[in-house]
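**Q** For reference, the structure I am asking about is given below.
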Amino acid sequence: MEVSTRGQLINKVREEFTLQYGDEPDNVTLIPGRINIIGEHTDYNDGLAMPSAIDRWICVGGSISKYSKASSTIYSLNYNESVVIFPNKPDKFQEIWKQLIATSIYVIKTEFDIEEGANLAVGGNIPIGCGLSSSTAF
């Protein structure tokens, strides 16, 4: 997905959300990727770290599902693919992006006792697999 500015990314995610779900998203979030200047993998082990945001982002457009209370549908702009998640019986996925989303939805729904499903469109311009914390941004 070729976008270089925040505005372009937000517009692309909004457009794709509307194409996929036939409606505007209720919310759009933008989260920066990051680098660790020092302390790679020490931040979650009670060590010192010096992270810094970069000018690459993950953007998510979302709404409560109007059709399904139990499931959530997520469309990835980067992979040009959708996945349906049933958090009460979380599946195991081979694709990392699907597993990350399934786990995140499961944790959010169980920790906050949320019953509604969601429709999400997720896109980003953080290069996939290059260590710039795209999973942390998500």
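FYI, nothing fancy with the structure tokens labels: chains A, B, ... in order, residues from 1 per chain, ligands from 1 as they appear.
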Write out as a VMD selection string all residues of segment 8-94 of chain A that DSSP puts in helix (DSSP H, G or I) for this structure's backbone.
**A** chain A and resid 8 to 21 43 to 45
**Q** Quick one: everything within 12 Å of Glu115 of chain A, counting only C-alpha atoms, minus sequence neighbours fewer than 3 positions away in the same chain. Send it as a ChimeraX atom specification.
**A** /A:64-65,68-72,86-88,105-106,108-112,118
**Q** Which residues come within 9 Å of Glu24 of chain A, counting only C-alpha atoms, excluding same-chain residues fewer than 2 positions away, as a list in words?
**A**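 The residues satisfying every condition are Arg14, Glu15, Phe17, Thr18, Tyr21, Gly22, Asp26, Asn27, Gly61, Gly62 and Ser63 of chain A.
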**Q** So that I can see what lies close to segment 80-85 of chain A, please list as a count of residues only the residues with an atom at most 9 Å from it, counting only C-alpha atoms and leaving out residues fewer than 4 positions away in the same chain.
**A** 17
**Q** Step one, run DSSP on the backbone; step two, keep only residues of segment 1-100 of chain A assigned to strand (DSSP E or B); then write them as an MDAnalysis selection string.
**A** chainID A and resid 27:36 51:64 72:76 81:85
**Q** Kindly indicate which residue among A:Pro25, A:Gly124, A:Pro32, A:Gly129 lies nearest to Gln8 of chain A, using only C-alpha atoms for the distances.
**A** A:Gly124
**Q** Given the choices A:Asn45, A:Ser104, A:Asn78, A:Asn36, which gets closest to Pro127 of chain A if the distance is worked out from only C-alpha atoms?
**A** A:Asn78
**Q** Please report the interatomic distance between atom CA of Lys12 of chain A and atom CA of Asp55 of chain A in Å with one decimal.
**A**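 Distance reported for this atom pair: 16.8 Å.
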